[in-house]
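Q: Please find one structure pasted underneath; my questions will follow.
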Amino acid sequence: MNEKHLSKRLATVASYVPAGARMADIGSDHAYLPAALALTKKISYAVAGEVVRGPYENAVNEIKGHGLTDVIQPRLADGLDAITAADRIDTVVIAGMGGTLITEILERGKARLAGVSRLVLQPNVGEARLRRWLMANRYQIVAEQIVGEDDHIYEIIIAEPSLVPFRYSDYELMFGPHLLEKKGPVFVAKWQDFAKRERGVIAQIERAQQVPVARITEMKQKLALVAEALDDDRN
(Lines give C-alpha, C1' and ligand atoms only; values in the text may rest on other atoms or scores of the structure.)
Protein backbone atom coordinates (compact mmCIF):
# COMPACT_ATOMS: atom_id res chain seq x y z
CA MET A 1 0.00 0.00 0.00
CA ASN A 2 1.10 3.55 -0.59
CA GLU A 3 -0.51 6.98 -0.62
CA LYS A 4 -1.59 6.56 -4.25
CA HIS A 5 -3.84 3.66 -3.26
CA LEU A 6 -5.77 5.58 -0.62
CA SER A 7 -9.33 6.61 -1.39
CA LYS A 8 -9.69 10.08 -2.86
CA ARG A 9 -10.99 11.29 0.52
CA LEU A 10 -8.07 9.90 2.51
CA ALA A 11 -5.52 10.94 -0.12
CA THR A 12 -6.79 14.51 0.22
CA VAL A 13 -6.52 14.28 4.01
CA ALA A 14 -3.00 12.88 3.63
CA SER A 15 -1.95 15.80 1.43
CA TYR A 16 -2.40 18.18 4.39
CA VAL A 17 -0.14 16.23 6.76
CA PRO A 18 3.19 18.10 6.87
CA ALA A 19 6.37 16.33 5.79
CA GLY A 20 8.22 14.85 8.75
CA ALA A 21 5.14 15.08 10.98
CA ARG A 22 4.65 13.17 14.18
CA MET A 23 0.98 12.48 13.72
CA ALA A 24 -1.92 10.92 15.57
CA ASP A 25 -4.69 9.39 13.50
CA ILE A 26 -7.71 9.19 15.78
CA GLY A 27 -10.27 6.63 14.65
CA SER A 28 -7.63 5.05 12.42
CA ASP A 29 -9.59 1.87 11.60
CA HIS A 30 -7.17 -0.22 9.50
CA ALA A 31 -4.41 2.40 9.92
CA TYR A 32 -4.41 2.86 6.14
CA LEU A 33 -3.61 6.57 6.40
CA PRO A 34 -0.56 6.42 8.70
CA ALA A 35 0.66 3.28 6.90
CA ALA A 36 0.52 5.02 3.53
CA LEU A 37 2.32 8.08 4.89
CA ALA A 38 4.97 5.96 6.61
CA LEU A 39 5.60 3.87 3.49
CA THR A 40 6.21 7.02 1.47
CA LYS A 41 8.39 8.32 4.34
CA LYS A 42 6.31 11.48 4.62
CA ILE A 43 5.94 11.11 8.40
CA SER A 44 8.51 10.27 11.05
CA TYR A 45 6.15 8.78 13.64
CA ALA A 46 2.47 8.03 14.13
CA VAL A 47 -0.05 6.87 16.68
CA ALA A 48 -3.03 4.98 15.28
CA GLY A 49 -5.80 5.35 17.84
CA GLU A 50 -8.95 3.20 17.92
CA VAL A 51 -11.64 2.90 20.58
CA VAL A 52 -13.13 -0.36 19.24
CA ARG A 53 -11.16 -3.59 19.55
CA GLY A 54 -11.98 -4.95 16.07
CA PRO A 55 -10.66 -1.94 14.14
CA TYR A 56 -7.74 -1.72 16.58
CA GLU A 57 -6.74 -5.31 15.73
CA ASN A 58 -7.09 -4.49 12.02
CA ALA A 59 -4.66 -1.62 12.55
CA VAL A 60 -2.21 -3.88 14.42
CA ASN A 61 -2.25 -6.37 11.54
CA GLU A 62 -1.84 -3.64 8.91
CA ILE A 63 1.13 -2.13 10.72
CA LYS A 64 2.82 -5.49 11.26
CA GLY A 65 2.12 -6.57 7.69
CA HIS A 66 4.06 -3.59 6.33
CA GLY A 67 6.89 -3.86 8.84
CA LEU A 68 6.04 -0.45 10.32
CA THR A 69 6.04 -1.30 14.03
CA ASP A 70 9.00 1.03 14.63
CA VAL A 71 7.15 3.97 13.09
CA ILE A 72 3.46 3.49 13.97
CA GLN A 73 2.12 2.73 17.43
CA PRO A 74 -1.42 1.28 17.53
CA ARG A 75 -3.32 2.28 20.66
CA LEU A 76 -6.66 1.02 21.98
CA ALA A 77 -8.01 4.18 23.60
CA ASP A 78 -10.88 6.68 23.54
CA GLY A 79 -10.17 9.73 21.37
CA LEU A 80 -7.10 11.76 22.26
CA ASP A 81 -6.37 9.49 25.23
CA ALA A 82 -4.42 7.52 22.61
CA ILE A 83 -1.57 10.04 22.73
CA THR A 84 0.90 10.91 25.47
CA ALA A 85 3.35 13.75 25.95
CA ALA A 86 6.19 11.35 25.15
CA ASP A 87 4.79 10.89 21.62
CA ARG A 88 5.53 14.57 20.86
CA ILE A 89 2.62 14.68 18.42
CA ASP A 90 2.48 17.81 16.24
CA THR A 91 -0.34 16.84 13.85
CA VAL A 92 -3.71 15.34 14.74
CA VAL A 93 -5.94 13.80 12.08
CA ILE A 94 -9.58 12.95 12.81
CA ALA A 95 -11.43 11.79 9.71
CA GLY A 96 -14.58 9.95 8.80
CA MET A 97 -16.78 10.87 11.77
CA GLY A 98 -19.61 13.28 12.36
CA GLY A 99 -18.67 16.85 13.18
CA THR A 100 -20.38 16.59 16.58
CA LEU A 101 -18.27 13.56 17.54
CA ILE A 102 -15.06 15.21 16.33
CA THR A 103 -15.96 18.30 18.38
CA GLU A 104 -16.53 16.14 21.47
CA ILE A 105 -13.21 14.35 20.99
CA LEU A 106 -11.36 17.67 20.71
CA GLU A 107 -13.17 19.16 23.70
CA ARG A 108 -12.51 16.15 25.95
CA GLY A 109 -8.90 15.96 24.88
CA LYS A 110 -7.97 19.66 24.88
CA ALA A 111 -5.19 19.10 27.42
CA ARG A 112 -3.53 16.65 25.02
CA LEU A 113 -3.42 19.17 22.19
CA ALA A 114 -0.54 21.11 23.76
CA GLY A 115 2.28 21.14 21.22
CA VAL A 116 -0.02 20.20 18.34
CA SER A 117 0.49 22.68 15.51
CA ARG A 118 -2.02 21.31 12.99
CA LEU A 119 -5.45 19.69 13.03
CA VAL A 120 -6.58 17.90 9.87
CA LEU A 121 -10.29 17.21 10.25
CA GLN A 122 -12.74 15.53 7.91
CA PRO A 123 -16.29 15.54 9.29
CA ASN A 124 -18.94 13.58 7.40
CA VAL A 125 -21.65 15.98 8.63
CA GLY A 126 -21.90 18.84 11.13
CA GLU A 127 -19.13 20.97 9.67
CA ALA A 128 -20.53 24.25 11.00
CA ARG A 129 -20.53 23.03 14.60
CA LEU A 130 -16.92 21.91 14.24
CA ARG A 131 -15.87 25.25 12.78
CA ARG A 132 -17.61 27.01 15.67
CA TRP A 133 -15.59 24.95 18.17
CA LEU A 134 -12.36 25.80 16.35
CA MET A 135 -13.20 29.51 16.48
CA ALA A 136 -14.13 29.37 20.17
CA ASN A 137 -10.86 27.62 20.98
CA ARG A 138 -8.61 29.91 18.91
CA TYR A 139 -7.88 27.58 16.03
CA GLN A 140 -7.65 29.41 12.73
CA ILE A 141 -8.89 27.62 9.64
CA VAL A 142 -5.93 27.86 7.26
CA ALA A 143 -7.23 25.70 4.42
CA GLU A 144 -10.28 23.73 3.32
CA GLN A 145 -11.09 21.39 0.50
CA ILE A 146 -14.28 19.71 -0.69
CA VAL A 147 -14.16 16.40 -2.58
CA GLY A 148 -16.75 14.11 -4.10
CA GLU A 149 -16.34 10.33 -4.05
CA ASP A 150 -18.82 7.45 -4.54
CA ASP A 151 -21.89 9.72 -4.36
CA HIS A 152 -20.68 11.32 -1.14
CA ILE A 153 -19.24 14.80 -0.62
CA TYR A 154 -16.65 15.43 2.07
CA GLU A 155 -15.16 18.60 3.51
CA ILE A 156 -11.60 18.66 4.85
CA ILE A 157 -10.80 21.41 7.37
CA ILE A 158 -7.22 22.30 8.33
CA ALA A 159 -6.76 24.40 11.45
CA GLU A 160 -3.80 25.74 13.40
CA PRO A 161 -3.57 27.39 16.85
CA SER A 162 -3.82 31.18 16.89
CA LEU A 163 -2.41 33.51 19.54
CA VAL A 164 -5.19 36.01 18.97
CA PRO A 165 -8.98 35.55 18.92
CA PHE A 166 -10.87 36.00 15.67
CA ARG A 167 -14.39 35.52 14.40
CA TYR A 168 -16.09 33.82 11.51
CA SER A 169 -19.59 34.88 10.50
CA ASP A 170 -22.48 32.40 10.58
CA TYR A 171 -22.24 32.41 6.79
CA GLU A 172 -18.58 31.38 6.91
CA LEU A 173 -19.24 28.78 9.61
CA MET A 174 -21.92 27.17 7.48
CA PHE A 175 -20.07 27.08 4.17
CA GLY A 176 -16.41 27.35 5.16
CA PRO A 177 -14.39 30.56 4.78
CA HIS A 178 -11.97 29.06 2.26
CA LEU A 179 -14.58 27.00 0.43
CA LEU A 180 -16.57 30.18 -0.15
CA GLU A 181 -13.57 31.67 -1.91
CA LYS A 182 -13.07 28.70 -4.25
CA LYS A 183 -16.51 27.11 -4.54
CA GLY A 184 -16.53 25.04 -7.72
CA PRO A 185 -18.80 22.24 -9.02
CA VAL A 186 -18.58 19.96 -5.96
CA PHE A 187 -19.47 22.83 -3.62
CA VAL A 188 -22.41 23.81 -5.85
CA ALA A 189 -23.61 20.20 -6.08
CA LYS A 190 -23.55 19.78 -2.30
CA TRP A 191 -25.59 22.86 -1.56
CA GLN A 192 -28.03 22.38 -4.45
CA ASP A 193 -28.77 18.92 -3.07
CA PHE A 194 -29.10 20.35 0.46
CA ALA A 195 -31.57 22.98 -0.76
CA LYS A 196 -33.65 20.39 -2.63
CA ARG A 197 -33.90 18.18 0.47
CA GLU A 198 -34.73 21.09 2.77
CA ARG A 199 -37.50 22.33 0.48
CA GLY A 200 -38.98 18.83 0.47
CA VAL A 201 -38.91 18.67 4.28
CA ILE A 202 -40.50 22.12 4.57
CA ALA A 203 -43.29 21.16 2.18
CA GLN A 204 -43.95 18.02 4.24
CA ILE A 205 -44.02 19.64 7.69
CA GLU A 206 -46.14 22.56 6.45
CA ARG A 207 -48.91 19.99 5.92
CA ALA A 208 -48.82 18.95 9.59
CA GLN A 209 -51.79 19.75 11.86
CA GLN A 210 -49.51 21.75 14.15
CA VAL A 211 -46.95 23.56 12.02
CA PRO A 212 -43.60 24.10 13.82
CA VAL A 213 -43.22 27.73 12.79
CA ALA A 214 -39.85 28.29 14.49
CA ARG A 215 -38.32 25.26 12.77
CA ILE A 216 -39.63 26.28 9.37
CA THR A 217 -38.32 29.82 9.87
CA GLU A 218 -34.86 28.46 10.73
CA MET A 219 -34.85 26.16 7.71
CA LYS A 220 -35.91 28.98 5.39
CA GLN A 221 -33.14 31.19 6.77
CA LYS A 222 -30.62 28.48 5.90
CA LEU A 223 -32.11 28.19 2.43
CA ALA A 224 -31.68 31.94 1.99
CA LEU A 225 -27.99 31.59 2.87
CA VAL A 226 -27.63 28.75 0.38
CA ALA A 227 -29.29 30.85 -2.32
CA GLU A 228 -26.88 33.68 -1.56
CA ALA A 229 -23.85 31.38 -1.77
CA LEU A 230 -24.98 29.85 -5.06
CA ASP A 231 -25.95 33.22 -6.53
CA ASP A 232 -22.50 34.55 -5.60
CA ASP A 233 -21.00 31.65 -7.53
CA ARG A 234 -22.89 32.60 -10.67
CA ASN A 235 -21.98 36.30 -10.53
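Every chain in the C-alpha coordinates has a letter given in the order shown (A, B, ...), and although residue numbers restart at 1 in each chain, ligands are simply numbered from 1 in the order shown.
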What are the nearest atom pairs, with distances in Å to one decimal, for all residues of region 84-126 of chain A that come at most 7 Å from region 12-23 of chain A, using only C-alpha atoms, set out by chain and rising residue number as a Markdown table?
A:
| residue | atom | partner | partner_atom | distance |
| --- | --- | --- | --- | --- |
| A:Arg88 | CA | A:Arg22 | CA | 6.9 |
| A:Ile89 | CA | A:Arg22 | CA | 4.9 |
| A:Asp90 | CA | A:Arg22 | CA | 5.5 |
| A:Thr91 | CA | A:Met23 | CA | 4.6 |
| A:Val92 | CA | A:Met23 | CA | 5.6 |
| A:Val120 | CA | A:Val13 | CA | 6.9 |
Q: Could those residues be written to a file, using all heavy atoms, as a JSON list (two decimals), in the first residue's frame?
A:
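What follows is the written file part_15.json:
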[["chain", "number", "residue", "atom", "x", "y", "z"],
["A", 88, "ARG", "N", 5.18, 13.29, 21.49],
["A", 88, "ARG", "CA", 5.53, 14.57, 20.86],
["A", 88, "ARG", "C", 4.76, 14.76, 19.53],
["A", 88, "ARG", "O", 5.34, 15.12, 18.50],
["A", 88, "ARG", "CB", 7.03, 14.68, 20.64],
["A", 88, "ARG", "CG", 7.82, 14.75, 21.93],
["A", 88, "ARG", "CD", 9.31, 14.93, 21.72],
["A", 88, "ARG", "NE", 9.93, 13.71, 21.23],
["A", 88, "ARG", "CZ", 10.49, 13.58, 20.04],
["A", 88, "ARG", "NH1", 10.52, 14.61, 19.20],
["A", 88, "ARG", "NH2", 11.04, 12.44, 19.67],
["A", 89, "ILE", "N", 3.47, 14.55, 19.59],
["A", 89, "ILE", "CA", 2.62, 14.68, 18.42],
["A", 89, "ILE", "C", 2.49, 16.15, 18.02],
["A", 89, "ILE", "O", 2.24, 17.01, 18.86],
["A", 89, "ILE", "CB", 1.22, 14.09, 18.70],
["A", 89, "ILE", "CG1", 1.31, 12.58, 18.98],
["A", 89, "ILE", "CG2", 0.25, 14.37, 17.55],
["A", 89, "ILE", "CD1", 1.87, 11.76, 17.86],
["A", 90, "ASP", "N", 2.66, 16.43, 16.73],
["A", 90, "ASP", "CA", 2.48, 17.81, 16.24],
["A", 90, "ASP", "C", 1.30, 17.95, 15.28],
["A", 90, "ASP", "O", 0.88, 19.05, 14.96],
["A", 90, "ASP", "CB", 3.76, 18.34, 15.59],
["A", 90, "ASP", "CG", 4.29, 17.44, 14.49],
["A", 90, "ASP", "OD1", 3.49, 16.99, 13.64],
["A", 90, "ASP", "OD2", 5.51, 17.17, 14.46],
["A", 91, "THR", "N", 0.77, 16.82, 14.80],
["A", 91, "THR", "CA", -0.34, 16.84, 13.85],
["A", 91, "THR", "C", -1.38, 15.81, 14.27],
["A", 91, "THR", "O", -1.04, 14.64, 14.47],
["A", 91, "THR", "CB", 0.15, 16.52, 12.42],
["A", 91, "THR", "OG1", 1.16, 17.46, 12.04],
["A", 91, "THR", "CG2", -1.00, 16.57, 11.42],
["A", 92, "VAL", "N", -2.61, 16.25, 14.39],
["A", 92, "VAL", "CA", -3.71, 15.34, 14.74],
["A", 92, "VAL", "C", -4.67, 15.26, 13.57],
["A", 92, "VAL", "O", -5.12, 16.30, 13.06],
["A", 92, "VAL", "CB", -4.45, 15.80, 16.01],
["A", 92, "VAL", "CG1", -5.76, 15.02, 16.19],
["A", 92, "VAL", "CG2", -3.56, 15.62, 17.24],
["A", 120, "VAL", "N", -6.03, 18.22, 11.19],
["A", 120, "VAL", "CA", -6.58, 17.90, 9.87],
["A", 120, "VAL", "C", -7.86, 17.12, 10.13],
["A", 120, "VAL", "O", -7.83, 15.98, 10.60],
["A", 120, "VAL", "CB", -5.59, 17.06, 9.03],
["A", 120, "VAL", "CG1", -6.17, 16.79, 7.64],
["A", 120, "VAL", "CG2", -4.25, 17.77, 8.91]]
Q: What's the 8 Å shell around region 79-83 of chain A, counting only C-alpha atoms, without same-chain residues fewer than 3 positions away, as a list in words?
A: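 Counting only C-alpha atoms, the residues come to Ala24, Ile26, Gly27, Val47, Ala48, Gly49, Glu50, Val51, Arg75, Leu76, Asp87, Ile89, Ile105, Leu106, Arg108, Gly109 and Arg112 of chain A.
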Q: Between CA of Leu134 (chain A) and CA of Ile157 (chain A), what is the distance in Å, rounded to a tenth?
A: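 Going from CA of Leu134 (chain A) over to CA of Ile157 (chain A) covers 10.1 Å.
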Q: Counting only C-alpha atoms, which of A:Pro55, A:Ile158, A:Arg207, A:Phe194 gets nearest to His178 (chain A)?
A: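 Among A:Pro55, A:Ile158, A:Arg207, A:Phe194, it is A:Ile158 that comes nearest to His178 (chain A).
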Q: Go through A:Ile156, A:Ala114, A:Leu33, A:Leu163 and flag the residue nearest Met97 (chain A), using only C-alpha atoms for the distances.
A: A:Ile156
Q: Quick one: residues within 6 Å of region 58-68 of chain A, only C-alpha atoms counted, chain neighbours fewer than 4 positions away excluded, as a ChimeraX atom specification?
A: /A:30-31,72
Q: Could you save the residues just selected, with C-alpha atoms, as an mmCIF file, in the first residue's frame?
A:
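So again_5.cif came out as:
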data_model
loop_
_atom_site.group_PDB
_atom_site.id
_atom_site.type_symbol
_atom_site.label_atom_id
_atom_site.label_comp_id
_atom_site.auth_asym_id
_atom_site.auth_seq_id
_atom_site.Cartn_x
_atom_site.Cartn_y
_atom_site.Cartn_z
ATOM 1 C CA HIS A 30 -7.172 -0.216 9.495
ATOM 2 C CA ALA A 31 -4.413 2.401 9.924
ATOM 3 C CA ILE A 72 3.459 3.493 13.968
#
